[in-house]
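Asker: One file: query.cif (mmCIF, C-alpha atoms).
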data_protein
loop_
_atom_site.label_atom_id
_atom_site.label_comp_id
_atom_site.auth_asym_id
_atom_site.auth_seq_id
_atom_site.Cartn_x
_atom_site.Cartn_y
_atom_site.Cartn_z
CA MET H 1 38.66 36.51 -13.36
CA ASN H 2 38.07 36.01 -9.62
CA ASN H 3 40.93 38.39 -8.86
CA ASN H 4 39.21 41.04 -11.03
CA ILE H 5 35.93 40.49 -9.18
CA GLU H 6 37.72 41.05 -5.87
CA ASN H 7 39.54 44.13 -7.25
CA LEU H 8 36.25 45.66 -8.36
CA LYS H 9 34.50 44.86 -5.07
CA SER H 10 37.36 46.46 -3.13
CA THR H 11 36.69 49.74 -4.97
CA GLY H 12 32.97 49.56 -4.26
CA LEU H 13 32.04 48.68 -7.85
CA LYS H 14 29.86 45.67 -8.64
CA ALA H 15 31.48 43.05 -10.86
CA THR H 16 29.27 43.45 -13.93
CA LEU H 17 30.13 41.78 -17.25
CA PRO H 18 31.06 45.08 -18.98
CA ARG H 19 33.36 46.06 -16.10
CA LEU H 20 35.04 42.66 -16.05
CA LYS H 21 35.53 42.63 -19.84
CA ILE H 22 37.01 46.15 -19.88
CA MET H 23 39.28 45.35 -16.93
CA GLU H 24 40.48 42.25 -18.79
CA ILE H 25 41.23 44.28 -21.94
CA PHE H 26 43.54 46.59 -19.99
CA GLN H 27 45.22 43.74 -18.15
CA THR H 28 45.82 41.40 -21.08
CA GLY H 29 45.85 43.67 -24.14
CA LYS H 30 48.95 44.49 -26.17
CA GLN H 31 48.16 48.20 -26.02
CA ARG H 32 48.78 49.91 -22.64
CA HIS H 33 47.28 53.30 -23.54
CA MET H 34 43.78 53.15 -24.97
CA THR H 35 40.99 55.55 -25.88
CA ALA H 36 37.35 54.61 -25.36
CA GLU H 37 37.17 53.93 -29.09
CA ASP H 38 40.16 51.55 -28.85
CA VAL H 39 38.41 49.60 -26.07
CA PHE H 40 35.16 49.55 -28.04
CA ARG H 41 37.00 48.23 -31.13
CA VAL H 42 38.44 45.33 -29.08
CA LEU H 43 34.96 44.55 -27.77
CA LEU H 44 33.56 44.56 -31.33
CA ASP H 45 36.34 42.22 -32.47
CA GLU H 46 35.34 39.89 -29.62
CA ARG H 47 31.71 40.07 -30.82
CA SER H 48 30.67 41.68 -27.54
CA ASP H 49 27.40 43.60 -27.38
CA ILE H 50 28.75 46.22 -24.96
CA GLY H 51 27.97 49.66 -26.38
CA LEU H 52 30.22 52.70 -26.67
CA ALA H 53 28.20 54.65 -24.08
CA THR H 54 28.80 51.82 -21.58
CA VAL H 55 32.52 51.86 -22.38
CA TYR H 56 32.68 55.61 -21.63
CA ARG H 57 30.73 55.13 -18.40
CA VAL H 58 32.93 52.24 -17.18
CA LEU H 59 36.16 54.09 -18.04
CA THR H 60 34.96 57.10 -16.02
CA GLN H 61 34.00 54.85 -13.10
CA PHE H 62 37.40 53.11 -13.25
CA GLU H 63 39.18 56.46 -13.29
CA GLN H 64 37.18 57.71 -10.29
CA ALA H 65 37.93 54.44 -8.44
CA GLY H 66 41.66 54.80 -9.16
CA ILE H 67 41.83 51.68 -11.35
CA LEU H 68 42.75 53.67 -14.46
CA LEU H 69 44.72 56.85 -15.04
CA ARG H 70 43.52 59.29 -17.69
CA SER H 71 45.76 61.50 -19.82
CA ASN H 72 44.76 64.07 -22.40
CA PHE H 73 47.44 64.20 -25.03
CA GLU H 74 47.58 66.58 -27.99
CA SER H 75 44.90 64.68 -29.93
CA GLY H 76 42.32 65.94 -27.43
CA LYS H 77 41.08 62.40 -26.79
CA ALA H 78 41.29 60.92 -23.32
CA VAL H 79 43.75 58.04 -23.15
CA TYR H 80 43.50 55.51 -20.31
CA GLU H 81 46.03 53.14 -18.74
CA LEU H 82 46.08 50.88 -15.70
CA ASN H 83 47.08 52.66 -12.51
CA GLU H 84 49.97 50.53 -11.34
CA GLY H 85 51.12 53.04 -8.75
CA GLN H 86 54.47 53.85 -10.34
CA HIS H 87 55.13 57.30 -11.75
CA HIS H 88 56.23 57.59 -15.36
CA ASP H 89 56.20 60.16 -18.11
CA HIS H 90 55.18 59.84 -21.77
CA LEU H 91 56.55 60.29 -25.27
CA VAL H 92 53.72 60.89 -27.76
CA CYS H 93 54.11 60.55 -31.54
CA THR H 94 52.42 63.44 -33.34
CA SER H 95 52.29 61.36 -36.51
CA CYS H 96 50.71 58.03 -35.48
CA GLY H 97 49.63 58.72 -31.88
CA LYS H 98 51.83 56.02 -30.34
CA VAL H 99 52.49 56.55 -26.63
CA GLU H 100 55.66 55.30 -24.96
CA GLU H 101 56.37 55.42 -21.24
CA PHE H 102 59.67 56.36 -19.66
CA PHE H 103 61.10 57.16 -16.25
CA ASP H 104 64.28 59.16 -15.79
CA PRO H 105 65.55 59.77 -12.24
CA GLU H 106 67.67 62.72 -13.41
CA ILE H 107 64.62 64.49 -14.86
CA GLU H 108 62.70 63.85 -11.64
CA LYS H 109 65.60 65.23 -9.58
CA ARG H 110 65.88 68.37 -11.74
CA GLN H 111 62.14 69.05 -11.42
CA MET H 112 62.44 68.93 -7.65
CA GLN H 113 65.46 71.25 -7.74
CA VAL H 114 63.63 73.78 -9.91
CA ALA H 115 60.56 73.70 -7.68
CA ASP H 116 62.71 74.02 -4.56
CA ARG H 117 64.65 76.95 -6.01
CA LEU H 118 61.37 78.74 -6.75
CA GLY H 119 59.88 77.91 -3.33
CA TRP H 120 57.33 75.41 -4.57
CA THR H 121 56.31 72.02 -3.20
CA ILE H 122 55.35 69.62 -5.98
CA GLN H 123 52.28 67.54 -5.23
CA ASP H 124 51.98 65.81 -8.59
CA HIS H 125 53.09 66.24 -12.16
CA ALA H 126 52.68 64.78 -15.61
CA MET H 127 55.15 65.27 -18.40
CA SER H 128 54.40 64.50 -22.02
CA LEU H 129 57.01 65.00 -24.72
CA TYR H 130 55.74 65.29 -28.29
CA GLY H 131 57.70 64.25 -31.35
CA VAL H 132 57.88 61.61 -34.07
CA CYS H 133 58.52 57.96 -33.19
CA ALA H 134 61.29 55.89 -34.76
CA HIS H 135 58.75 53.91 -36.81
CA CYS H 136 57.26 57.05 -38.39
CA LEU H 137 60.70 58.56 -38.96
CA GLY H 138 61.59 55.45 -40.94
CA LYS H 139 58.56 56.02 -43.19
CA LYS H 140 59.61 59.52 -44.23
#
Could you spell out this file's structure in structure tokens?

Answerer:
Amino acid sequence: MNNNIENLKSTGLKATLPRLKIMEIFQTGKQRHMTAEDVFRVLLDERSDIGLATVYRVLTQFEQAGILLRSNFESGKAVYELNEGQHHDHLVCTSCGKVEEFFDPEIEKRQMQVADRLGWTIQDHAMSLYGVCAHCLGKK
């Protein structure tokens, strides 16, 4: 908990109870990619009285401070994950919404080659591949 307090202070955010609880959910939860509703559900399960509006506000503050990364996948809902400083791409299941991370050096190399060939300098990128996960394929 003290480490989280220091992390928040280093970003200029005060270590309030809602911020500490939400930080803890991302650090210790089983789910790496969470919507505001997912976070709120965990808080309800823990009998917390932190409201949904507060969850949205804290997630936005964490994103602006660089603590969380936000992605908007096909569902249209913002999905958040801890910003651990390492680039990765995503596979997104169009059936259940599961998100899986991957990193492929060959894909990264090809992207640079394509950009170079077209005279571009890549500053950042995000790649999301949409399909059906193995679990959902097994259901059909």

Asker: Fewer than 4 positions away in the same chain doesn't count, so skip those; otherwise give me all residues within 12 Å of Leu17 of chain H, counting only C-alpha atoms, as a tab-separated table (two decimals) with C-alpha atoms, in the frame of the given file.

Answerer:
chain	number	residue	atom	x	y	z
H	1	MET	CA	38.66	36.51	-13.36
H	4	ASN	CA	39.21	41.04	-11.03
H	5	ILE	CA	35.93	40.49	-9.18
H	8	LEU	CA	36.25	45.66	-8.36
H	13	LEU	CA	32.04	48.68	-7.85
H	21	LYS	CA	35.53	42.63	-19.84
H	22	ILE	CA	37.01	46.15	-19.88
H	23	MET	CA	39.28	45.35	-16.93
H	24	GLU	CA	40.48	42.25	-18.79
H	43	LEU	CA	34.96	44.55	-27.77
H	48	SER	CA	30.67	41.68	-27.54
H	49	ASP	CA	27.40	43.60	-27.38
H	50	ILE	CA	28.75	46.22	-24.96
H	54	THR	CA	28.80	51.82	-21.58
H	55	VAL	CA	32.52	51.86	-22.38
H	58	VAL	CA	32.93	52.24	-17.18

Asker: Expanded to explicit residues, what is the PyMOL selection byres ((chain H and resi 61) around 12) for this file, as a list in words?

Answerer: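 This file, filtered by the PyMOL selection byres ((chain H and resi 61) around 12), leaves Leu8, Thr11, Gly12, Leu13, Lys14, Pro18, Arg19, Ile22, Met23, Thr54, Val55, Tyr56, Arg57, Val58, Leu59, Thr60, Phe62, Glu63, Gln64, Ala65, Gly66, Ile67, Leu68, Leu69, Arg70 and Tyr80 of chain H.
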
Asker: Using only C-alpha atoms, pick whichever of H:Glu81, H:Glu108, H:Asp116, H:Asp124 has the shortest atom-to-atom distance to Thr35 of chain H.

Answerer: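 Closest candidate: H:Glu81.
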
Asker: Using all atoms listed in the file, which of the listed residues (H:Leu82, H:Ala53, H:Val92, H:Ala15) sits closest to Arg32 of chain H?

Answerer: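 When distances to Arg32 of chain H are compared using all atoms listed in the file, the smallest one comes from H:Leu82.
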
Asker: Expressed in Å to a single decimal, how great is the separation between atom CA of Thr28 of chain H and atom CA of Pro105 of chain H?

Answerer: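 For atom CA of Thr28 of chain H relative to atom CA of Pro105 of chain H, the distance reads 28.4 Å.
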
Asker: Quote the spacing between atom CA of Asp45 of chain H and atom CA of Val99 of chain H in Å to one decimal place.

Answerer: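 That distance, rounded to one decimal, is 22.4 Å.
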
Asker: Record the distance separating atom CA of His90 of chain H and atom CA of Leu20 of chain H, expressed in Å with one decimal.

Answerer: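 Atom-to-atom, atom CA of His90 of chain H and atom CA of Leu20 of chain H are spaced 27.1 Å apart.
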
Asker: Closest to Asn72 of chain H among H:Ala126, H:Cys133, H:Gln111, H:Lys9, using only C-alpha atoms?

Answerer: H:Ala126

Asker: Convert the output of the PyMOL selection byres ((chain H and resi 136) around 10) on the shown file into explicit residues, formatted as a ChimeraX atom specification.

Answerer: /H:93-96,98,132-135,137-140

Asker: For Phe102 of chain H, which residue among H:Ile122, H:Met34, H:Ile25, H:Met127 is the nearest when counting only C-alpha atoms?

Answerer: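 Checking each of H:Ile122, H:Met34, H:Ile25, H:Met127 against Phe102 of chain H, counting only C-alpha atoms, the winner is H:Met127.
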
Asker: I need the residue set behind the PyMOL selection byres ((chain H and resi 40) around 8) for this file; please write it as a VMD selection string.

Answerer: chain H and resid 36 to 39 41 to 44 50 to 52 55
